[in-house]
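The next block holds one structure in the form of structure tokens; read it before the comments.
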Amino acid sequence: MRNPRAAAVALAAVAALVAGCGSSDSADDPLAEDKADGSTVVVGSNNFAESILLADIYGEALKAKGVKVEYKPNIGSRETTYGLLKNGSITVLPEYNGSLLAYLDPKAEQASIEAVGAAVKAKLDSKLTLLDPSPAEDKDSVSVNAETAKKYSLTSSSTLEDLKDVAPDMVIGGSPEFQTRQQGLLGLKDVYGLEFKTFKALDAGGPLTTAALKKNTVQAADIFTTDPNIIKEKFVVLQDPKNLFGFANVTPLVYKSGLSQDGIAALNAVSAKLDTKTLLDLDSQVQLENKDPLDVAKAWLKTAGLS
């Protein structure tokens with residue numbers, strides 16, 4: 001593969017399983033001791049393809065403004081990367097506003113983008129801040145494969161409530177963390193009364209999850225809503241009328257003392273130009289056309305006038 005980011009995408013499935021066993025305690029993580037000097041901005045990403053792509057977009061946008069950037073792609077799940085942000089091992093991380101809030105405060109209401117942003121900032125470690133949210137939104141969903149949809153007469157208009165009677169016959173898959181998150185099995189039970197036959201630990205909406213759903217190893221899975229495999233494999237995304245999965249606008253999370261005002265302005269400019277349709281297109285280039293995420297990031301930044 002042409003560079004480490006392409007390799008990182010391919011290895012995301014393995015890293016997801018490893019990350020599920022890791023600790024968010026920075027003292028236990030070797031990256032905690034691998035801090036860059038104060039003049040270098042360290043851009044990290046979680047263990048799935050879109051996060052790696054977004055990290056490349058953020059990093060290259062910063063480079064265009066003369067910022068020295070170091071990448072740490074495919075680190076792990078939020079449970080790991082949040083700790084690394086707090087101790088300054090990472091300066092910038094692609095985040096999703098509502099998903100981050102659910103991690104910080106599982107019971108927090110998500111009434112609007114503005115309310116979510118304010119709630120996140122109130123809960124964040126004092127050394128961190130959340131920048132402007134983009135219109136691009138990629139949230140968790142419970143999706144079923146075509147075979148399951150046909151069996152239970154589920155369509156794109158069907159909701160999670162429609163699974164209540166059939167969930168006990170279904171295996172659901174997702175990242176190891178999905179099993180213990182409010183925006184996961186806990187919330188599906190609390191909010192919708194869903195109890196599945198079993199849970200199968202896979203990866204964070206990556207190739208393991210897609211393959212298991214396609215092969216019917218699992219009948220339902222946590223699939224991100226900008227995953228191009230939804231269209232390719234004819235997966236059916238179930239509606240979430242009670243807003244369990246909340247908002248998930250792409251938003252940079254930043255270690256405050258590690259980024260200049262020029263750097264902040266550069267990332268906010270990215271957020272102003274990035275929408276869901278664009279993100280789905282960029283994801284498709286990486287995940288279906290096997291393009292290098294760094295090349296995709298550079299091309300989009302040039303088109304958007306940000307490089």
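In the structure tokens, chains take the letters A, B, ... in the order shown, each chain's residues start at 1, and ligands count up from 1 in the order shown.
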
Got a sec: who's within 9 Å of A:Ile52, counting only C-alpha atoms, leaving out chain neighbours fewer than 3 positions off, as a PDB file with all heavy atoms, in the first residue's frame?
ATOM      1  N   ARG A   5      -1.410   5.268   6.020  1.00  0.00           N
ATOM      2  CA  ARG A   5      -2.846   5.477   6.218  1.00  0.00           C
ATOM      3  C   ARG A   5      -3.649   4.412   5.487  1.00  0.00           C
ATOM      4  O   ARG A   5      -4.662   3.925   5.966  1.00  0.00           O
ATOM      5  CB  ARG A   5      -3.252   6.867   5.743  1.00  0.00           C
ATOM      6  CG  ARG A   5      -2.779   7.922   6.710  1.00  0.00           C
ATOM      7  CD  ARG A   5      -2.714   9.296   6.053  1.00  0.00           C
ATOM      8  NE  ARG A   5      -1.918  10.147   6.905  1.00  0.00           N
ATOM      9  CZ  ARG A   5      -0.595  10.143   6.899  1.00  0.00           C
ATOM     10  NH1 ARG A   5       0.073   9.342   6.094  1.00  0.00           N
ATOM     11  NH2 ARG A   5       0.068  10.939   7.714  1.00  0.00           N
ATOM     12  N   ALA A   8      -3.446   1.447   7.493  1.00  0.00           N
ATOM     13  CA  ALA A   8      -4.243   1.589   8.719  1.00  0.00           C
ATOM     14  C   ALA A   8      -5.697   1.279   8.475  1.00  0.00           C
ATOM     15  O   ALA A   8      -6.371   0.692   9.320  1.00  0.00           O
ATOM     16  CB  ALA A   8      -4.098   3.015   9.263  1.00  0.00           C
ATOM     17  N   VAL A   9      -6.210   1.664   7.301  1.00  0.00           N
ATOM     18  CA  VAL A   9      -7.603   1.345   6.983  1.00  0.00           C
ATOM     19  C   VAL A   9      -7.788  -0.163   6.935  1.00  0.00           C
ATOM     20  O   VAL A   9      -8.740  -0.716   7.477  1.00  0.00           O
ATOM     21  CB  VAL A   9      -8.010   1.978   5.631  1.00  0.00           C
ATOM     22  CG1 VAL A   9      -9.384   1.505   5.224  1.00  0.00           C
ATOM     23  CG2 VAL A   9      -7.985   3.498   5.737  1.00  0.00           C
ATOM     24  N   GLY A  44      -4.639  12.693  15.498  1.00  0.00           N
ATOM     25  CA  GLY A  44      -4.923  11.280  15.688  1.00  0.00           C
ATOM     26  C   GLY A  44      -6.246  10.889  15.066  1.00  0.00           C
ATOM     27  O   GLY A  44      -7.031  11.742  14.628  1.00  0.00           O
ATOM     28  N   SER A  45      -6.490   9.584  15.029  1.00  0.00           N
ATOM     29  CA  SER A  45      -7.788   9.104  14.542  1.00  0.00           C
ATOM     30  C   SER A  45      -8.176   7.834  15.280  1.00  0.00           C
ATOM     31  O   SER A  45      -7.319   7.113  15.802  1.00  0.00           O
ATOM     32  CB  SER A  45      -7.751   8.833  13.037  1.00  0.00           C
ATOM     33  OG  SER A  45      -6.870   7.772  12.721  1.00  0.00           O
ATOM     34  N   ASN A  46      -9.469   7.594  15.315  1.00  0.00           N
ATOM     35  CA  ASN A  46      -9.982   6.363  15.905  1.00  0.00           C
ATOM     36  C   ASN A  46      -9.839   5.214  14.908  1.00  0.00           C
ATOM     37  O   ASN A  46      -9.341   5.394  13.792  1.00  0.00           O
ATOM     38  CB  ASN A  46     -11.434   6.556  16.337  1.00  0.00           C
ATOM     39  CG  ASN A  46     -11.539   7.412  17.582  1.00  0.00           C
ATOM     40  OD1 ASN A  46     -10.896   7.128  18.589  1.00  0.00           O
ATOM     41  ND2 ASN A  46     -12.343   8.455  17.525  1.00  0.00           N
ATOM     42  N   ASN A  47     -10.315   4.038  15.313  1.00  0.00           N
ATOM     43  CA  ASN A  47     -10.015   2.829  14.566  1.00  0.00           C
ATOM     44  C   ASN A  47     -11.081   2.476  13.526  1.00  0.00           C
ATOM     45  O   ASN A  47     -11.600   1.368  13.497  1.00  0.00           O
ATOM     46  CB  ASN A  47      -9.812   1.654  15.528  1.00  0.00           C
ATOM     47  CG  ASN A  47     -10.995   1.455  16.465  1.00  0.00           C
ATOM     48  OD1 ASN A  47     -11.769   2.378  16.713  1.00  0.00           O
ATOM     49  ND2 ASN A  47     -11.161   0.261  16.991  1.00  0.00           N
ATOM     50  N   PHE A  48     -11.390   3.425  12.648  1.00  0.00           N
ATOM     51  CA  PHE A  48     -12.257   3.127  11.506  1.00  0.00           C
ATOM     52  C   PHE A  48     -11.926   4.076  10.368  1.00  0.00           C
ATOM     53  O   PHE A  48     -11.343   5.145  10.560  1.00  0.00           O
ATOM     54  CB  PHE A  48     -13.739   3.178  11.888  1.00  0.00           C
ATOM     55  CG  PHE A  48     -14.228   4.468  12.470  1.00  0.00           C
ATOM     56  CD1 PHE A  48     -14.814   5.434  11.662  1.00  0.00           C
ATOM     57  CD2 PHE A  48     -14.127   4.724  13.831  1.00  0.00           C
ATOM     58  CE1 PHE A  48     -15.290   6.613  12.193  1.00  0.00           C
ATOM     59  CE2 PHE A  48     -14.605   5.895  14.382  1.00  0.00           C
ATOM     60  CZ  PHE A  48     -15.191   6.847  13.559  1.00  0.00           C
ATOM     61  N   ALA A  49     -12.283   3.656   9.165  1.00  0.00           N
ATOM     62  CA  ALA A  49     -11.787   4.307   7.951  1.00  0.00           C
ATOM     63  C   ALA A  49     -12.144   5.789   7.866  1.00  0.00           C
ATOM     64  O   ALA A  49     -11.315   6.612   7.461  1.00  0.00           O
ATOM     65  CB  ALA A  49     -12.314   3.562   6.725  1.00  0.00           C
ATOM     66  N   ALA A  55      -9.000  12.665   9.731  1.00  0.00           N
ATOM     67  CA  ALA A  55      -7.728  13.100  10.306  1.00  0.00           C
ATOM     68  C   ALA A  55      -6.793  13.607   9.214  1.00  0.00           C
ATOM     69  O   ALA A  55      -6.093  14.621   9.390  1.00  0.00           O
ATOM     70  CB  ALA A  55      -7.080  11.951  11.074  1.00  0.00           C
ATOM     71  N   ASP A  56      -6.779  12.941   8.072  1.00  0.00           N
ATOM     72  CA  ASP A  56      -5.959  13.408   6.958  1.00  0.00           C
ATOM     73  C   ASP A  56      -6.445  14.760   6.440  1.00  0.00           C
ATOM     74  O   ASP A  56      -5.640  15.628   6.091  1.00  0.00           O
ATOM     75  CB  ASP A  56      -5.983  12.376   5.823  1.00  0.00           C
ATOM     76  CG  ASP A  56      -5.101  11.171   6.103  1.00  0.00           C
ATOM     77  OD1 ASP A  56      -4.260  11.243   7.017  1.00  0.00           O
ATOM     78  OD2 ASP A  56      -5.249  10.153   5.407  1.00  0.00           O
ATOM     79  N   ILE A  57      -7.751  14.939   6.386  1.00  0.00           N
ATOM     80  CA  ILE A  57      -8.295  16.233   5.963  1.00  0.00           C
ATOM     81  C   ILE A  57      -7.866  17.331   6.932  1.00  0.00           C
ATOM     82  O   ILE A  57      -7.380  18.392   6.521  1.00  0.00           O
ATOM     83  CB  ILE A  57      -9.831  16.173   5.859  1.00  0.00           C
ATOM     84  CG1 ILE A  57     -10.251  15.303   4.670  1.00  0.00           C
ATOM     85  CG2 ILE A  57     -10.431  17.572   5.728  1.00  0.00           C
ATOM     86  CD1 ILE A  57     -11.748  15.049   4.575  1.00  0.00           C
ATOM     87  N   PRO A  73      -2.482   7.614  13.140  1.00  0.00           N
ATOM     88  CA  PRO A  73      -3.758   7.060  12.668  1.00  0.00           C
ATOM     89  C   PRO A  73      -4.153   5.769  13.363  1.00  0.00           C
ATOM     90  O   PRO A  73      -3.312   5.036  13.888  1.00  0.00           O
ATOM     91  CB  PRO A  73      -3.480   6.806  11.180  1.00  0.00           C
ATOM     92  CG  PRO A  73      -2.016   6.511  11.126  1.00  0.00           C
ATOM     93  CD  PRO A  73      -1.386   7.375  12.189  1.00  0.00           C
ATOM     94  N   ASN A  74      -5.478   5.526  13.381  1.00  0.00           N
ATOM     95  CA  ASN A  74      -5.998   4.208  13.757  1.00  0.00           C
ATOM     96  C   ASN A  74      -5.603   3.775  15.165  1.00  0.00           C
ATOM     97  O   ASN A  74      -5.289   2.624  15.415  1.00  0.00           O
ATOM     98  CB  ASN A  74      -5.502   3.172  12.730  1.00  0.00           C
ATOM     99  CG  ASN A  74      -6.289   1.893  12.769  1.00  0.00           C
ATOM    100  OD1 ASN A  74      -7.499   1.900  12.945  1.00  0.00           O
ATOM    101  ND2 ASN A  74      -5.603   0.785  12.607  1.00  0.00           N
ATOM    102  N   PRO A  94     -10.692  13.881  15.055  1.00  0.00           N
ATOM    103  CA  PRO A  94     -12.054  13.990  14.508  1.00  0.00           C
ATOM    104  C   PRO A  94     -13.044  13.378  15.500  1.00  0.00           C
ATOM    105  O   PRO A  94     -12.859  12.251  15.947  1.00  0.00           O
ATOM    106  CB  PRO A  94     -11.993  13.142  13.227  1.00  0.00           C
ATOM    107  CG  PRO A  94     -10.543  12.943  12.942  1.00  0.00           C
ATOM    108  CD  PRO A  94      -9.846  12.979  14.252  1.00  0.00           C
ATOM    109  N   PRO A 293      -6.625   7.354   1.481  1.00  0.00           N
ATOM    110  CA  PRO A 293      -7.334   8.447   2.153  1.00  0.00           C
ATOM    111  C   PRO A 293      -6.580   9.777   2.132  1.00  0.00           C
ATOM    112  O   PRO A 293      -7.200  10.832   2.069  1.00  0.00           O
ATOM    113  CB  PRO A 293      -7.532   7.932   3.585  1.00  0.00           C
ATOM    114  CG  PRO A 293      -6.592   6.789   3.731  1.00  0.00           C
ATOM    115  CD  PRO A 293      -6.417   6.202   2.378  1.00  0.00           C
ATOM    116  N   LEU A 294      -5.248   9.718   2.160  1.00  0.00           N
ATOM    117  CA  LEU A 294      -4.479  10.954   2.105  1.00  0.00           C
ATOM    118  C   LEU A 294      -4.654  11.637   0.758  1.00  0.00           C
ATOM    119  O   LEU A 294      -4.813  12.861   0.682  1.00  0.00           O
ATOM    120  CB  LEU A 294      -3.000  10.669   2.383  1.00  0.00           C
ATOM    121  CG  LEU A 294      -2.106  11.904   2.520  1.00  0.00           C
ATOM    122  CD1 LEU A 294      -2.534  12.767   3.693  1.00  0.00           C
ATOM    123  CD2 LEU A 294      -0.641  11.490   2.659  1.00  0.00           C
TER     124      LEU A 294
END

Could you give me, as CSV, a per-residue list for stretch 117-176 of chain A showing, wherever an atom lies at most 9 Å from an atom of stretch 247-264 of chain A, the closest pair of atoms and their distance in Å to one decimal, using only C-alpha atoms and sorting by chain then residue number from low to high?
residue,atom,partner,partner_atom,distance
A:Ser126,CA,A:Lys256,CA,8.8
A:Lys127,CA,A:Lys256,CA,5.9
A:Leu128,CA,A:Tyr255,CA,4.7
A:Thr129,CA,A:Val254,CA,5.4
A:Leu130,CA,A:Leu253,CA,4.7
A:Leu131,CA,A:Pro252,CA,5.5
A:Asp132,CA,A:Thr251,CA,6.2
A:Pro133,CA,A:Thr251,CA,4.5
A:Ser134,CA,A:Val250,CA,5.5
A:Pro135,CA,A:Asn249,CA,6.2
A:Ala136,CA,A:Asn249,CA,5.6
A:Glu137,CA,A:Asn249,CA,4.2
A:Asp138,CA,A:Ala248,CA,5.5
A:Lys139,CA,A:Ala248,CA,5.0
A:Asp140,CA,A:Ala248,CA,8.2

Restricted to N, CA, C and O atoms, what would the selected residues look like written as an mmCIF file, in the first residue's frame?
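Once written, result_32.cif looks like this:
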data_model
loop_
_atom_site.group_PDB
_atom_site.id
_atom_site.type_symbol
_atom_site.label_atom_id
_atom_site.label_comp_id
_atom_site.auth_asym_id
_atom_site.auth_seq_id
_atom_site.Cartn_x
_atom_site.Cartn_y
_atom_site.Cartn_z
ATOM 1 N N SER A 126 -10.909 20.269 31.223
ATOM 2 C CA SER A 126 -10.626 21.704 31.055
ATOM 3 C C SER A 126 -9.522 21.978 30.044
ATOM 4 O O SER A 126 -9.408 23.097 29.541
ATOM 5 N N LYS A 127 -8.704 20.983 29.735
ATOM 6 C CA LYS A 127 -7.620 21.188 28.773
ATOM 7 C C LYS A 127 -8.089 21.023 27.336
ATOM 8 O O LYS A 127 -7.314 21.227 26.402
ATOM 9 N N LEU A 128 -9.346 20.629 27.144
ATOM 10 C CA LEU A 128 -9.857 20.339 25.803
ATOM 11 C C LEU A 128 -10.961 21.307 25.398
ATOM 12 O O LEU A 128 -11.618 21.910 26.249
ATOM 13 N N THR A 129 -11.160 21.434 24.108
ATOM 14 C CA THR A 129 -12.292 22.213 23.603
ATOM 15 C C THR A 129 -12.805 21.600 22.306
ATOM 16 O O THR A 129 -12.065 20.922 21.591
ATOM 17 N N LEU A 130 -14.078 21.848 22.031
ATOM 18 C CA LEU A 130 -14.717 21.376 20.809
ATOM 19 C C LEU A 130 -14.857 22.563 19.869
ATOM 20 O O LEU A 130 -15.338 23.621 20.271
ATOM 21 N N LEU A 131 -14.433 22.404 18.624
ATOM 22 C CA LEU A 131 -14.523 23.491 17.649
ATOM 23 C C LEU A 131 -15.890 23.481 16.973
ATOM 24 O O LEU A 131 -16.821 22.820 17.422
ATOM 25 N N ASP A 132 -16.023 24.215 15.881
ATOM 26 C CA ASP A 132 -17.316 24.336 15.203
ATOM 27 C C ASP A 132 -17.747 22.991 14.605
ATOM 28 O O ASP A 132 -16.932 22.290 13.994
ATOM 29 N N PRO A 133 -19.025 22.637 14.739
ATOM 30 C CA PRO A 133 -19.510 21.413 14.094
ATOM 31 C C PRO A 133 -19.699 21.632 12.604
ATOM 32 O O PRO A 133 -20.014 22.737 12.154
ATOM 33 N N SER A 134 -19.501 20.586 11.827
ATOM 34 C CA SER A 134 -19.782 20.670 10.397
ATOM 35 C C SER A 134 -21.209 20.201 10.142
ATOM 36 O O SER A 134 -21.797 19.503 10.972
ATOM 37 N N PRO A 135 -21.779 20.554 8.991
ATOM 38 C CA PRO A 135 -23.093 19.998 8.633
ATOM 39 C C PRO A 135 -23.023 18.497 8.381
ATOM 40 O O PRO A 135 -24.056 17.815 8.417
ATOM 41 N N ALA A 136 -21.826 17.970 8.115
ATOM 42 C CA ALA A 136 -21.668 16.536 7.845
ATOM 43 C C ALA A 136 -22.004 15.731 9.088
ATOM 44 O O ALA A 136 -21.462 15.972 10.163
ATOM 45 N N GLU A 137 -22.886 14.768 8.917
ATOM 46 C CA GLU A 137 -23.315 13.967 10.059
ATOM 47 C C GLU A 137 -23.210 12.486 9.706
ATOM 48 O O GLU A 137 -23.680 12.044 8.680
ATOM 49 N N ASP A 138 -22.581 11.752 10.603
ATOM 50 C CA ASP A 138 -22.441 10.314 10.440
ATOM 51 C C ASP A 138 -22.725 9.668 11.784
ATOM 52 O O ASP A 138 -21.896 9.694 12.677
ATOM 53 N N LYS A 139 -23.908 9.102 11.918
ATOM 54 C CA LYS A 139 -24.293 8.559 13.208
ATOM 55 C C LYS A 139 -24.432 7.045 13.165
ATOM 56 O O LYS A 139 -24.538 6.441 12.098
ATOM 57 N N ASP A 140 -24.416 6.456 14.335
ATOM 58 C CA ASP A 140 -24.675 5.025 14.454
ATOM 59 C C ASP A 140 -26.103 4.726 14.000
ATOM 60 O O ASP A 140 -26.996 5.566 14.124
#

Picked from stretch 106-291 of chain A by DSSP as helix (DSSP H, G or I), as a PyMOL selection string: chain A and resi 113-123+146-151+160-163+167-169+176-179+182-192+207-214+229-232+256-258+261-273+276-287

Can you check which residues of stretch 85-209 of chain A DSSP gives as strand (DSSP E) on the backbone and send them as a PyMOL selection string? chain A and resi 92-96+128-130+142-144+171-174+198-201

May I have the residues from that selection written out with all heavy atoms, as a short mmCIF file (atom, residue, chain, number, x, y, z; two decimals), in the first residue's frame?
data_model
loop_
_atom_site.label_atom_id
_atom_site.label_comp_id
_atom_site.auth_asym_id
_atom_site.auth_seq_id
_atom_site.Cartn_x
_atom_site.Cartn_y
_atom_site.Cartn_z
N VAL A 92 -5.27 17.01 17.99
CA VAL A 92 -6.52 17.13 17.24
C VAL A 92 -7.06 15.73 16.95
O VAL A 92 -6.30 14.83 16.57
CB VAL A 92 -6.30 17.88 15.90
CG1 VAL A 92 -7.58 17.91 15.08
CG2 VAL A 92 -5.78 19.29 16.15
N LEU A 93 -8.37 15.58 17.11
CA LEU A 93 -9.01 14.30 16.82
C LEU A 93 -10.37 14.56 16.16
O LEU A 93 -11.14 15.39 16.64
CB LEU A 93 -9.23 13.52 18.11
CG LEU A 93 -9.86 12.13 17.95
CD1 LEU A 93 -8.80 11.12 17.50
CD2 LEU A 93 -10.49 11.65 19.26
N PRO A 94 -10.69 13.88 15.06
CA PRO A 94 -12.05 13.99 14.51
C PRO A 94 -13.04 13.38 15.50
O PRO A 94 -12.86 12.25 15.95
CB PRO A 94 -11.99 13.14 13.23
CG PRO A 94 -10.54 12.94 12.94
CD PRO A 94 -9.85 12.98 14.25
N GLU A 95 -14.08 14.12 15.82
CA GLU A 95 -15.10 13.62 16.74
C GLU A 95 -16.49 13.84 16.14
O GLU A 95 -16.64 14.46 15.09
CB GLU A 95 -15.00 14.30 18.11
CG GLU A 95 -14.32 13.49 19.19
CD GLU A 95 -15.07 12.20 19.54
OE1 GLU A 95 -16.15 11.94 18.97
OE2 GLU A 95 -14.57 11.45 20.39
N TYR A 96 -17.49 13.33 16.86
CA TYR A 96 -18.89 13.46 16.49
C TYR A 96 -19.60 13.99 17.72
O TYR A 96 -19.61 13.33 18.77
CB TYR A 96 -19.45 12.09 16.05
CG TYR A 96 -18.70 11.50 14.89
CD1 TYR A 96 -17.54 10.76 15.08
CD2 TYR A 96 -19.12 11.71 13.57
CE1 TYR A 96 -16.83 10.23 14.02
CE2 TYR A 96 -18.42 11.19 12.50
CZ TYR A 96 -17.27 10.45 12.72
OH TYR A 96 -16.56 9.93 11.66
N LEU A 128 -9.35 20.63 27.14
CA LEU A 128 -9.86 20.34 25.80
C LEU A 128 -10.96 21.31 25.40
O LEU A 128 -11.62 21.91 26.25
CB LEU A 128 -10.41 18.91 25.75
CG LEU A 128 -9.50 17.79 26.22
CD1 LEU A 128 -10.22 16.45 26.12
CD2 LEU A 128 -8.20 17.77 25.43
N THR A 129 -11.16 21.43 24.11
CA THR A 129 -12.29 22.21 23.60
C THR A 129 -12.80 21.60 22.31
O THR A 129 -12.06 20.92 21.59
CB THR A 129 -11.90 23.69 23.36
OG1 THR A 129 -13.09 24.45 23.10
CG2 THR A 129 -10.96 23.84 22.18
N LEU A 130 -14.08 21.85 22.03
CA LEU A 130 -14.72 21.38 20.81
C LEU A 130 -14.86 22.56 19.87
O LEU A 130 -15.34 23.62 20.27
CB LEU A 130 -16.09 20.80 21.15
CG LEU A 130 -16.75 19.84 20.15
CD1 LEU A 130 -15.93 18.56 20.01
CD2 LEU A 130 -18.16 19.52 20.60
N VAL A 142 -28.91 1.08 13.66
CA VAL A 142 -29.12 -0.36 13.60
C VAL A 142 -29.65 -0.65 12.20
O VAL A 142 -30.71 -0.15 11.81
CB VAL A 142 -30.13 -0.84 14.67
CG1 VAL A 142 -30.46 -2.32 14.46
CG2 VAL A 142 -29.55 -0.64 16.07
N SER A 143 -28.87 -1.42 11.46
CA SER A 143 -29.24 -1.77 10.10
C SER A 143 -29.37 -3.29 9.98
O SER A 143 -28.69 -4.03 10.69
CB SER A 143 -28.19 -1.27 9.10
OG SER A 143 -28.12 0.14 9.11
N VAL A 144 -30.24 -3.72 9.09
CA VAL A 144 -30.43 -5.16 8.87
C VAL A 144 -30.09 -5.48 7.42
O VAL A 144 -30.11 -4.61 6.55
CB VAL A 144 -31.88 -5.59 9.19
CG1 VAL A 144 -32.21 -5.35 10.66
CG2 VAL A 144 -32.88 -4.88 8.29
N VAL A 171 -29.31 -12.00 16.02
CA VAL A 171 -27.97 -11.71 16.53
C VAL A 171 -27.59 -10.32 16.04
O VAL A 171 -27.74 -10.02 14.85
CB VAL A 171 -26.94 -12.75 16.03
CG1 VAL A 171 -25.54 -12.40 16.55
CG2 VAL A 171 -27.34 -14.15 16.46
N ILE A 172 -27.12 -9.48 16.94
CA ILE A 172 -26.71 -8.13 16.57
C ILE A 172 -25.20 -8.01 16.74
O ILE A 172 -24.62 -8.58 17.66
CB ILE A 172 -27.45 -7.05 17.39
CG1 ILE A 172 -27.12 -5.65 16.85
CG2 ILE A 172 -27.13 -7.17 18.88
CD1 ILE A 172 -27.99 -4.55 17.45
N GLY A 173 -24.56 -7.31 15.82
CA GLY A 173 -23.11 -7.15 15.86
C GLY A 173 -22.69 -5.71 15.92
O GLY A 173 -23.43 -4.81 15.54
N GLY A 174 -21.48 -5.48 16.40
CA GLY A 174 -20.91 -4.14 16.48
C GLY A 174 -19.57 -4.18 17.18
O GLY A 174 -19.05 -5.26 17.49
N THR A 198 -28.30 -12.67 20.91
CA THR A 198 -26.92 -12.56 21.37
C THR A 198 -26.27 -11.35 20.72
O THR A 198 -26.79 -10.78 19.75
CB THR A 198 -26.08 -13.81 21.01
OG1 THR A 198 -26.13 -14.02 19.59
CG2 THR A 198 -26.56 -15.05 21.73
N PHE A 199 -25.10 -10.99 21.25
CA PHE A 199 -24.28 -9.91 20.67
C PHE A 199 -22.99 -10.51 20.17
O PHE A 199 -22.35 -11.33 20.85
CB PHE A 199 -23.98 -8.84 21.71
CG PHE A 199 -22.99 -7.80 21.25
CD1 PHE A 199 -23.39 -6.78 20.40
CD2 PHE A 199 -21.65 -7.87 21.64
CE1 PHE A 199 -22.48 -5.83 19.95
CE2 PHE A 199 -20.74 -6.92 21.20
CZ PHE A 199 -21.15 -5.90 20.36
N LYS A 200 -22.57 -10.12 18.97
CA LYS A 200 -21.31 -10.57 18.41
C LYS A 200 -20.34 -9.40 18.29
O LYS A 200 -20.64 -8.42 17.58
CB LYS A 200 -21.51 -11.23 17.04
CG LYS A 200 -20.25 -11.89 16.48
CD LYS A 200 -20.56 -12.68 15.23
CE LYS A 200 -19.30 -13.37 14.69
NZ LYS A 200 -18.76 -14.35 15.66
N ALA A 201 -19.21 -9.46 18.98
CA ALA A 201 -18.22 -8.40 18.93
C ALA A 201 -17.47 -8.44 17.60
O ALA A 201 -16.88 -9.46 17.24
CB ALA A 201 -17.24 -8.54 20.09
#

Among the residues A:Ala220, A:Leu53, A:Val41, A:Ala111, the one that comes closest to A:Ala146 [using only C-alpha atoms]: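 The closest residue to A:Ala146 is A:Ala220.
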
Atom CA of A:Ala221 to atom CA of A:Thr209 measures 6.9 Å
